[in-house]
Every structure is written in structure tokens, then in C-alpha cells.
$ cat query11.cif   # mmCIF, C-alpha atoms
data_start
loop_
_atom_site.group_PDB
_atom_site.id
_atom_site.type_symbol
_atom_site.label_atom_id
_atom_site.label_comp_id
_atom_site.auth_asym_id
_atom_site.auth_seq_id
_atom_site.Cartn_x
_atom_site.Cartn_y
_atom_site.Cartn_z
ATOM 1 C CA MET X 23 -95.148 61.323 40.633
ATOM 2 C CA ILE X 24 -97.631 63.280 38.460
ATOM 3 C CA ARG X 25 -101.323 62.611 39.071
ATOM 4 C CA ALA X 26 -104.421 63.732 37.190
ATOM 5 C CA LEU X 27 -107.126 65.079 39.436
ATOM 6 C CA THR X 28 -110.739 65.397 38.356
ATOM 7 C CA SER X 29 -113.316 67.729 39.738
ATOM 8 C CA VAL X 30 -116.991 67.552 38.877
ATOM 9 C CA ARG X 31 -119.312 70.443 39.373
ATOM 10 C CA CYS X 32 -123.068 69.970 38.855
ATOM 11 C CA ALA X 33 -125.682 72.607 38.409
ATOM 12 C CA VAL X 34 -129.473 72.300 38.152
ATOM 13 C CA LYS X 35 -131.061 73.793 35.096
ATOM 14 C CA HIS X 36 -134.452 75.394 35.092
ATOM 15 C CA ASN X 37 -135.902 72.265 33.562
ATOM 16 C CA GLY X 38 -134.701 70.185 36.507
ATOM 17 C CA ASN X 39 -131.948 68.485 34.584
ATOM 18 C CA LYS X 40 -128.455 68.502 35.926
ATOM 19 C CA LYS X 41 -125.543 69.742 33.892
ATOM 20 C CA CYS X 42 -122.203 68.499 35.111
ATOM 21 C CA ILE X 43 -118.926 70.191 34.277
ATOM 22 C CA THR X 44 -115.793 68.131 34.600
ATOM 23 C CA ASN X 45 -112.440 69.818 35.270
ATOM 24 C CA ARG X 46 -109.115 68.025 35.006
ATOM 25 C CA TRP X 47 -105.700 69.255 35.947
ATOM 26 C CA LEU X 48 -102.254 67.884 36.676
ATOM 27 C CA THR X 49 -100.565 68.092 40.004
ATOM 28 C CA SER X 50 -97.366 66.730 41.506
ATOM 29 C CA SER X 51 -97.728 64.344 44.343
ATOM 30 C CA SER X 52 -94.235 65.278 45.471
ATOM 31 C CA SER X 53 -95.073 68.931 46.200
ATOM 32 C CA SER X 54 -96.678 68.218 49.511
ATOM 33 C CA SER X 55 -94.028 65.687 50.461
ATOM 34 C CA SER X 56 -91.271 68.173 49.447
ATOM 35 C CA LYS X 57 -92.639 70.766 51.817
ATOM 36 C CA SER X 58 -92.724 68.142 54.509
ATOM 37 C CA ASN X 59 -89.151 67.071 53.780
ATOM 38 C CA ILE X 60 -87.850 70.649 53.786
ATOM 39 C CA LYS X 61 -89.399 71.164 57.164
ATOM 40 C CA HIS X 62 -87.414 68.251 58.570
ATOM 41 C CA ALA X 63 -84.308 68.807 56.404
ATOM 42 C CA LYS X 64 -80.835 69.254 57.827
ATOM 43 C CA THR X 65 -77.774 70.910 56.331
ATOM 44 C CA ARG X 66 -74.299 69.376 56.407
ATOM 45 C CA ALA X 67 -71.771 71.632 58.078
ATOM 46 C CA GLY X 68 -69.775 73.644 55.603
ATOM 47 C CA SER X 69 -71.559 72.262 52.541
ATOM 48 C CA GLY X 70 -74.576 74.521 52.206
ATOM 49 C CA ASN X 71 -76.452 71.488 50.785
ATOM 50 C CA ILE X 72 -79.690 70.262 52.256
ATOM 51 C CA ASP X 73 -80.019 66.574 53.103
ATOM 52 C CA SER X 74 -83.513 65.264 53.174
ATOM 53 C CA ALA X 75 -84.759 63.013 55.881
ATOM 54 C CA ASP X 76 -84.128 59.918 53.767
ATOM 55 C CA GLY X 77 -80.500 60.853 53.018
ATOM 56 C CA GLY X 78 -81.190 62.565 49.661
ATOM 57 C CA VAL X 79 -80.366 61.244 46.224
ATOM 58 C CA LYS X 80 -78.661 63.190 43.473
ATOM 59 C CA ASP X 81 -77.896 61.658 40.091
ATOM 60 C CA GLY X 82 -78.459 58.246 41.562
ATOM 61 C CA VAL X 83 -75.971 58.749 44.402
ATOM 62 C CA HIS X 84 -76.963 59.086 48.034
ATOM 63 C CA MET X 85 -75.777 62.488 49.222
ATOM 64 C CA SER X 86 -74.949 61.026 52.622
ATOM 65 C CA MET X 87 -72.421 58.715 50.962
ATOM 66 C CA ILE X 88 -70.413 61.584 49.406
ATOM 67 C CA PRO X 89 -67.422 62.276 51.695
ATOM 68 C CA ARG X 90 -67.124 65.816 52.954
ATOM 69 C CA GLY X 91 -64.943 67.449 55.543
ATOM 70 C CA PRO X 92 -61.495 69.030 56.045
ATOM 71 C CA VAL X 93 -58.748 68.505 53.431
ATOM 72 C CA SER X 94 -56.541 65.560 54.395
ATOM 73 C CA TRP X 95 -52.723 65.578 54.528
ATOM 74 C CA ALA X 96 -52.718 62.935 51.816
ATOM 75 C CA GLY X 97 -54.684 65.274 49.556
ATOM 76 C CA LEU X 98 -52.269 68.121 50.215
ATOM 77 C CA GLY X 99 -49.378 65.772 49.458
ATOM 78 C CA LEU X 100 -50.878 64.852 46.108
ATOM 79 C CA VAL X 101 -51.318 68.538 45.276
ATOM 80 C CA ALA X 102 -47.664 69.223 46.166
ATOM 81 C CA VAL X 103 -46.447 66.317 44.020
ATOM 82 C CA ALA X 104 -48.572 67.508 41.107
ATOM 83 C CA ALA X 105 -47.192 71.048 41.447
ATOM 84 C CA ALA X 106 -43.594 69.797 41.562
ATOM 85 C CA SER X 107 -44.193 67.626 38.513
ATOM 86 C CA ALA X 108 -45.621 70.607 36.633
ATOM 87 C CA VAL X 109 -42.554 72.732 37.471
ATOM 88 C CA SER X 110 -40.186 69.955 36.372
ATOM 89 C CA TYR X 111 -42.093 69.496 33.143
ATOM 90 C CA TYR X 112 -41.935 73.229 32.463
ATOM 91 C CA LYS X 113 -38.149 73.311 32.923
ATOM 92 C CA ILE X 114 -37.582 70.261 30.726
ATOM 93 C CA GLU X 115 -39.905 71.609 28.052
ATOM 94 C CA ARG X 116 -38.179 75.011 28.117
ATOM 95 C CA GLU X 117 -34.763 73.380 27.684
ATOM 96 C CA ARG X 118 -36.080 71.152 24.900
ATOM 97 C CA ARG X 119 -37.417 74.165 23.012
ATOM 98 C CA LEU X 120 -34.146 76.015 23.498
ATOM 99 C CA GLU X 121 -32.184 73.061 22.137
ATOM 100 C CA ASN X 122 -34.530 72.784 19.161
ATOM 101 C CA ALA X 123 -34.200 76.503 18.490
ATOM 102 C CA MET X 124 -30.412 76.260 18.607
ATOM 103 C CA GLY X 125 -30.527 73.261 16.301
ATOM 104 C CA LYS X 126 -32.432 75.357 13.755
ATOM 105 C CA ILE X 127 -29.910 78.180 14.123
ATOM 106 C CA VAL X 128 -27.007 75.812 13.505
ATOM 107 C CA SER X 129 -28.704 74.173 10.534
ATOM 108 C CA THR X 130 -29.212 77.486 8.771
ATOM 109 C CA GLY X 131 -25.584 78.466 9.280
ATOM 110 C CA LYS X 132 -26.423 82.006 10.442
ATOM 111 C CA PRO X 133 -26.435 82.560 14.216
ATOM 112 C CA ALA X 134 -29.277 84.585 15.650
ATOM 113 C CA ILE X 135 -27.283 85.281 18.814
ATOM 114 C CA GLY X 136 -23.791 86.502 19.589
ATOM 115 C CA GLY X 137 -21.705 89.169 17.928
ATOM 116 C CA PRO X 138 -18.759 91.473 18.609
ATOM 117 C CA TRP X 139 -17.914 92.181 22.257
ATOM 118 C CA SER X 140 -15.089 93.534 24.402
ATOM 119 C CA LEU X 141 -14.253 92.869 28.076
ATOM 120 C CA VAL X 142 -11.165 92.606 30.294
ATOM 121 C CA ASP X 143 -9.385 89.542 31.688
ATOM 122 C CA LEU X 144 -7.989 88.997 35.188
ATOM 123 C CA ASP X 145 -4.810 90.891 34.289
ATOM 124 C CA GLY X 146 -6.781 93.921 33.130
ATOM 125 C CA ASN X 147 -6.058 93.295 29.455
ATOM 126 C CA LEU X 148 -8.642 94.134 26.828
ATOM 127 C CA VAL X 149 -10.167 90.978 25.343
ATOM 128 C CA THR X 150 -12.580 90.809 22.403
ATOM 129 C CA ASN X 151 -14.272 88.098 20.399
ATOM 130 C CA LYS X 152 -11.426 88.469 17.882
ATOM 131 C CA SER X 153 -8.985 87.308 20.561
ATOM 132 C CA PHE X 154 -10.248 83.727 20.212
ATOM 133 C CA GLU X 155 -10.298 83.324 16.450
ATOM 134 C CA GLY X 156 -9.115 79.850 15.527
ATOM 135 C CA LYS X 157 -10.332 78.456 18.871
ATOM 136 C CA TRP X 158 -13.544 76.742 19.878
ATOM 137 C CA ILE X 159 -15.154 78.392 22.930
ATOM 138 C CA LEU X 160 -17.329 77.092 25.750
ATOM 139 C CA LEU X 161 -18.930 80.330 26.971
ATOM 140 C CA TYR X 162 -20.846 80.610 30.254
ATOM 141 C CA PHE X 163 -22.462 83.640 31.941
ATOM 142 C CA GLY X 164 -22.595 83.679 35.754
ATOM 143 C CA PHE X 165 -21.504 85.493 38.905
ATOM 144 C CA ALA X 166 -18.998 84.769 41.651
ATOM 145 C CA ARG X 167 -21.491 84.820 44.535
ATOM 146 C CA CYS X 168 -23.796 82.276 42.929
ATOM 147 C CA PRO X 169 -24.454 79.661 45.644
ATOM 148 C CA ASP X 170 -24.976 76.525 43.575
ATOM 149 C CA ILE X 171 -25.909 76.588 39.879
ATOM 150 C CA CYS X 172 -22.874 78.472 38.545
ATOM 151 C CA PRO X 173 -20.341 76.312 40.406
ATOM 152 C CA SER X 174 -22.152 73.182 39.251
ATOM 153 C CA GLU X 175 -22.111 74.226 35.594
ATOM 154 C CA MET X 176 -18.481 75.319 35.773
ATOM 155 C CA VAL X 177 -17.441 72.029 37.342
ATOM 156 C CA LYS X 178 -19.285 70.279 34.508
ATOM 157 C CA VAL X 179 -17.281 72.223 31.939
ATOM 158 C CA GLY X 180 -14.107 71.281 33.835
ATOM 159 C CA LYS X 181 -15.039 67.594 33.527
ATOM 160 C CA VAL X 182 -15.648 68.099 29.825
ATOM 161 C CA MET X 183 -12.151 69.563 29.438
ATOM 162 C CA ASP X 184 -10.574 66.680 31.376
ATOM 163 C CA THR X 185 -12.403 64.084 29.267
ATOM 164 C CA LEU X 186 -11.389 65.817 26.042
ATOM 165 C CA LYS X 187 -7.773 65.948 27.160
ATOM 166 C CA LYS X 188 -7.803 62.238 27.967
ATOM 167 C CA GLU X 189 -9.766 60.894 24.998
ATOM 168 C CA TYR X 190 -9.407 63.621 22.352
ATOM 169 C CA PRO X 191 -6.188 65.522 23.165
ATOM 170 C CA GLU X 192 -5.922 67.088 19.705
ATOM 171 C CA LEU X 193 -9.393 68.568 20.060
ATOM 172 C CA GLU X 194 -8.861 69.716 23.644
ATOM 173 C CA LYS X 195 -5.976 71.939 22.573
ATOM 174 C CA ASN X 196 -8.358 74.039 20.511
ATOM 175 C CA VAL X 197 -11.099 74.450 23.133
ATOM 176 C CA LYS X 198 -11.205 77.362 25.588
ATOM 177 C CA PRO X 199 -13.739 77.657 28.432
ATOM 178 C CA ILE X 200 -14.729 81.254 29.232
ATOM 179 C CA PHE X 201 -16.618 82.648 32.214
ATOM 180 C CA VAL X 202 -18.279 86.078 31.844
ATOM 181 C CA SER X 203 -19.514 87.808 34.993
ATOM 182 C CA VAL X 204 -23.038 89.241 34.875
ATOM 183 C CA ASP X 205 -22.436 90.995 38.206
ATOM 184 C CA PRO X 206 -19.679 93.521 37.408
ATOM 185 C CA ALA X 207 -20.637 95.698 40.393
ATOM 186 C CA ARG X 208 -19.326 93.054 42.801
ATOM 187 C CA ASP X 209 -17.149 90.822 40.621
ATOM 188 C CA SER X 210 -13.987 92.863 40.650
ATOM 189 C CA LEU X 211 -10.744 91.495 39.205
ATOM 190 C CA LYS X 212 -9.613 90.666 42.747
ATOM 191 C CA ALA X 213 -12.863 88.827 43.529
ATOM 192 C CA LEU X 214 -12.708 86.854 40.288
ATOM 193 C CA LYS X 215 -9.072 85.873 40.907
ATOM 194 C CA GLU X 216 -10.104 84.311 44.203
ATOM 195 C CA TYR X 217 -13.111 82.674 42.590
ATOM 196 C CA ALA X 218 -11.011 81.210 39.782
ATOM 197 C CA LYS X 219 -8.936 79.160 42.226
ATOM 198 C CA ASP X 220 -11.841 76.741 42.711
ATOM 199 C CA PHE X 221 -12.233 75.778 39.071
ATOM 200 C CA HIS X 222 -10.468 74.235 36.100
ATOM 201 C CA PRO X 223 -7.140 75.958 35.342
ATOM 202 C CA SER X 224 -7.980 76.373 31.661
ATOM 203 C CA TYR X 225 -10.850 78.752 32.448
ATOM 204 C CA ILE X 226 -10.606 82.360 31.243
ATOM 205 C CA PHE X 227 -12.490 84.806 33.481
ATOM 206 C CA LEU X 228 -13.802 88.050 31.987
ATOM 207 C CA THR X 229 -15.625 91.094 33.312
ATOM 208 C CA GLY X 230 -16.066 94.732 32.350
ATOM 209 C CA SER X 231 -18.125 97.830 32.955
ATOM 210 C CA PRO X 232 -21.867 97.384 33.529
ATOM 211 C CA GLU X 233 -22.467 98.756 30.034
ATOM 212 C CA GLN X 234 -20.038 96.302 28.396
ATOM 213 C CA VAL X 235 -21.530 93.328 30.230
ATOM 214 C CA GLN X 236 -25.079 94.437 29.477
ATOM 215 C CA GLN X 237 -24.343 94.818 25.775
ATOM 216 C CA MET X 238 -22.781 91.374 25.549
ATOM 217 C CA ALA X 239 -25.592 89.740 27.526
ATOM 218 C CA LYS X 240 -28.117 91.364 25.201
ATOM 219 C CA LYS X 241 -26.376 90.027 22.106
ATOM 220 C CA TYR X 242 -26.485 86.516 23.565
ATOM 221 C CA ARG X 243 -30.060 86.989 24.773
ATOM 222 C CA VAL X 244 -29.025 86.250 28.332
ATOM 223 C CA TYR X 245 -31.654 87.068 30.922
ATOM 224 C CA VAL X 246 -30.165 88.952 33.908
ATOM 225 C CA SER X 247 -32.072 90.364 36.894
ATOM 226 C CA LYS X 248 -31.439 91.086 40.572
ATOM 227 C CA ALA X 249 -33.306 88.853 43.008
ATOM 228 C CA ASP X 250 -33.826 88.504 46.772
ATOM 229 C CA GLU X 251 -32.185 91.850 47.558
ATOM 230 C CA THR X 252 -31.795 92.426 51.306
ATOM 231 C CA GLU X 253 -31.817 95.629 53.339
ATOM 232 C CA ASP X 254 -28.014 95.665 53.538
ATOM 233 C CA GLY X 255 -27.748 95.603 49.737
ATOM 234 C CA ASP X 256 -26.857 91.941 49.246
ATOM 235 C CA TYR X 257 -28.627 90.112 46.420
ATOM 236 C CA LEU X 258 -28.618 87.171 44.053
ATOM 237 C CA VAL X 259 -28.728 87.358 40.256
ATOM 238 C CA ASP X 260 -31.225 85.438 38.169
ATOM 239 C CA HIS X 261 -29.750 84.609 34.773
ATOM 240 C CA SER X 262 -29.980 82.204 31.871
ATOM 241 C CA ILE X 263 -28.262 78.857 32.395
ATOM 242 C CA VAL X 264 -26.760 78.020 29.029
ATOM 243 C CA ILE X 265 -23.275 77.071 27.811
ATOM 244 C CA TYR X 266 -22.678 78.498 24.333
ATOM 245 C CA PHE X 267 -20.326 76.615 22.038
ATOM 246 C CA HIS X 268 -18.584 78.731 19.370
ATOM 247 C CA ASP X 269 -16.708 77.288 16.429
ATOM 248 C CA ASP X 270 -13.261 78.453 15.346
ATOM 249 C CA THR X 271 -14.754 81.175 13.128
ATOM 250 C CA GLY X 272 -16.725 82.740 15.988
ATOM 251 C CA ASP X 273 -20.151 81.430 14.968
ATOM 252 C CA ILE X 274 -22.457 79.558 17.314
ATOM 253 C CA ALA X 275 -22.041 75.817 16.812
ATOM 254 C CA ASP X 276 -24.314 74.550 19.588
ATOM 255 C CA CYS X 277 -25.572 75.246 23.083
ATOM 256 C CA PHE X 278 -25.750 73.025 26.163
ATOM 257 C CA THR X 279 -28.439 73.285 28.817
ATOM 258 C CA GLN X 280 -28.336 72.530 32.525
ATOM 259 C CA SER X 281 -29.904 69.077 32.136
ATOM 260 C CA MET X 282 -27.053 67.786 29.971
ATOM 261 C CA ARG X 283 -24.385 65.594 31.580
ATOM 262 C CA PRO X 284 -20.654 66.101 30.987
ATOM 263 C CA SER X 285 -20.607 63.034 28.735
ATOM 264 C CA ASP X 286 -23.470 64.502 26.664
ATOM 265 C CA VAL X 287 -21.532 67.735 26.200
ATOM 266 C CA VAL X 288 -18.361 65.851 25.230
ATOM 267 C CA ASP X 289 -20.247 63.921 22.559
ATOM 268 C CA LYS X 290 -21.718 67.103 21.115
ATOM 269 C CA VAL X 291 -18.368 68.912 21.161
ATOM 270 C CA VAL X 292 -16.648 66.058 19.358
ATOM 271 C CA GLU X 293 -19.479 65.807 16.841
ATOM 272 C CA ARG X 294 -19.358 69.527 16.061
ATOM 273 C CA MET X 295 -15.587 69.671 15.813
ATOM 274 C CA THR X 296 -15.119 66.546 13.678
ATOM 275 C CA PHE X 297 -18.518 66.285 11.962
ATOM 276 C CA VAL X 298 -18.484 62.689 13.151
ATOM 277 C CA GLN X 299 -20.822 61.370 15.824
ATOM 278 C CA PRO X 300 -18.879 59.540 18.589
ATOM 279 C CA ILE X 301 -19.419 55.810 18.955
ATOM 280 C CA GLN X 302 -21.479 55.088 22.060
#
$ encode --input "query11.cif" --output "C-alpha cells"
Amino acid sequence: MIRALTSVRCAVKHNGNKKCITNRWLTSSSSSSSKSNIKHAKTRAGSGNIDSADGGVKDGVHMSMIPRGPVSWAGLGLVAVAAASAVSYYKIERERRLENAMGKIVSTGKPAIGGPWSLVDLDGNLVTNKSFEGKWILLYFGFARCPDICPSEMVKVGKVMDTLKKEYPELEKNVKPIFVSVDPARDSLKALKEYAKDFHPSYIFLTGSPEQVQQMAKKYRVYVSKADETEDGDYLVDHSIVIYFHDDTGDIADCFTQSMRPSDVVDKVVERMTFVQPIQ
């Protein structure tokens, strides 16, 4: 509280009369009490904040009522959930943007990805993009030592082929699934032949020299990078997870991301091939 203090000084003049001079100034009544409080103040451990003897008040809240202390397991759990949600949102948003971008590419009629390429099949025969003219292609980039994602996506394509054969047999005859290895250093023809036994029989497996694979991956804007390399030279390969769908002229018709179910892919394939949206 602010108080006004008054001081009066009196002096005697030569004529015997007194002349009084009045001085006024403002002072804070809390200054003395603050010094007293600081003397008896205590600091909460780890906070660096001083609590006054009466508990302290800041912005109308008693400082002693504000919880402090070690981080609880519940708090750490909430942080972990929030982080996981952020990662999931990022992946979904990335796939959504990719799908939108591909939709724009299709609508303009001029693909921004793809182009001429040449590789070899499991029999060592030269195969190019011209080899599949007149066919619709489901193209996937992966590697034989992929522990989970590649097999999952390839099984999905196999289910798409089975559904097409059952419900749209005339369309299925014109669709070819192709697997291109992004790990030519380890995916030899022998290794790919063994790998092919685990997947749909209609799959066509292709590989080539590192230069051929790199050129094709670049044209399709496929991200490829070594990861988790060990001392003995073993490693994984980080790569884009996209299934490219070419029409019978070799142009990109659509693309399918990891989040899409086999039924979603079937619907899109039928829609692109017939220009008619399937009845749900």
C-alpha cells in the first residue's frame, strides 16, 4: 500500500516568528515488509522460485498450490501418444498430398514421372517399357530382403489380381504386376527367383545394373537410400512406397499409396480402365 508521509520542519526567524516548511513524499508500506519476508523466505527445491512466509500469491494463485515435482509416468505417456499421433498425421498427410499431386498429373494428361527404361527379367532377357505396350501395369519398387513393407504391398497387389480375375476377368487379362529391385547389388537373378516363389504367379520381376536401376528410379522420382548398415555390410533400403498404375499407352493413369486397401485399388483400377466408377 502507498502512503503519503509528511514532515514539518520549523525554524525561528530573527523576529521571533516561526516559519514552518512542510515536506511530503510517497513511500511504499510494503518495502519494509518485503525485506522482512525475504529474510524468512524459502525456495522450493528445483524451482528457483521464492515462496514467502504466507505462501506467496502470483496472478491471484497461491504459489504453494501450483504442483511441482518430478515428471509422472502419466505425463510421459501423454507425450508419447502425442508424438505417435503427430507421426501418423504426417504420414497420412504426405500420402494425401501425393494422391492429390497424381490426380493433377492424370487430369492434365501429361505425366510428370516415368519414361523410357530398360532392365532384365528372371531369364536374363532385356525388357523395356515398350515390352508392355497394350497392357496396363501395376509397378512397384522394392528389394528382396525387405522385412515387412515390400511383402505386404506385393501381397496386396496379388489380392487385387485375384479380385480382378474373379469379378472383372476381361480386365484382369490386360493387367501385369511388375516388381523392380532397387537393390541390384544383392538382388541377383537367382535371389529374385527364390523371392518370386512367395508371391502371385503373375508377377514379373526385373533388375539390372546399378546404373539402369538408378536411372529408372530417378525417372519415377523414387527415393532410395541405404539404412541401418552393419559392420558386416548388411543393410536395409529406405525407398518410396508407391504402386504406379500405367495405362495401355505407357502413361501414368494413377498411383496407389500404402494406406489403400486391396478393394480401394481394385475400384480405382476398374474406374481407370473402363472410365466407369464401380458400384459400391
$ closest_residue --input "query11.cif" --among "X:Asp184, X:Phe154, X:Phe163, X:Thr296" --to "Met238 in chain X" --atoms "only C-alpha atoms"
X:Phe163
$ closest_residue --input "query11.cif" --among "X:Leu193, X:Leu141, X:Ile171, X:Cys277" --to "Gln237 in chain X" --atoms "only C-alpha atoms"
X:Leu141
$ axis_aligned_box --input "query11.cif" --around "range 176-180 of chain X" --padding-each-side "6 Å" --output "JSON"
{"center_x": -16.7, "center_y": 72.8, "center_z": 34.6, "size_x": 17.2, "size_y": 17.0, "size_z": 17.4}
$ residues_around --input "query11.cif" --residues "Lys248 in chain X" --least-positions-apart "3" --cutoff "10 Å" --atoms "all atoms listed in the file" --output "number ranges by chain"
X: 205, 251, 256-261
$ residues_around --input "query11.cif" --residues "range 210-216 of chain X" --least-positions-apart "6" --cutoff "12 Å" --atoms "only C-alpha atoms" --output "ChimeraX atom specification"
/X:141-147,164-167,201-204,223,225-232
$ closest_residue --input "query11.cif" --among "X:Glu233, X:Val182, X:Gly255, X:Ile274" --to "Arg208 in chain X" --atoms "all atoms listed in the file"
X:Gly255
$ resolve_selection --input "query11.cif" --expression "the PyMOL selection byres ((chain X and resi 244) around 9)" --output "list in words"
Phe163, Met238, Ala239, Lys240, Lys241, Tyr242, Arg243, Tyr245, Val246, His261, Ser262, Ile263 and Val264 of chain X
$ atom_distance --input "query11.cif" --atom1 "CA of His268 in chain X" --atom2 "CA of Ser153 in chain X"
12.9 Å
$ closest_residue --input "query11.cif" --among "X:Val197, X:Ile265, X:Val288, X:Met176" --to "Gly156 in chain X" --atoms "only C-alpha atoms"
X:Val197
$ closest_residue --input "query11.cif" --among "X:Phe221, X:Phe267, X:Trp158, X:Phe297" --to "Lys178 in chain X" --atoms "only C-alpha atoms"
X:Phe221
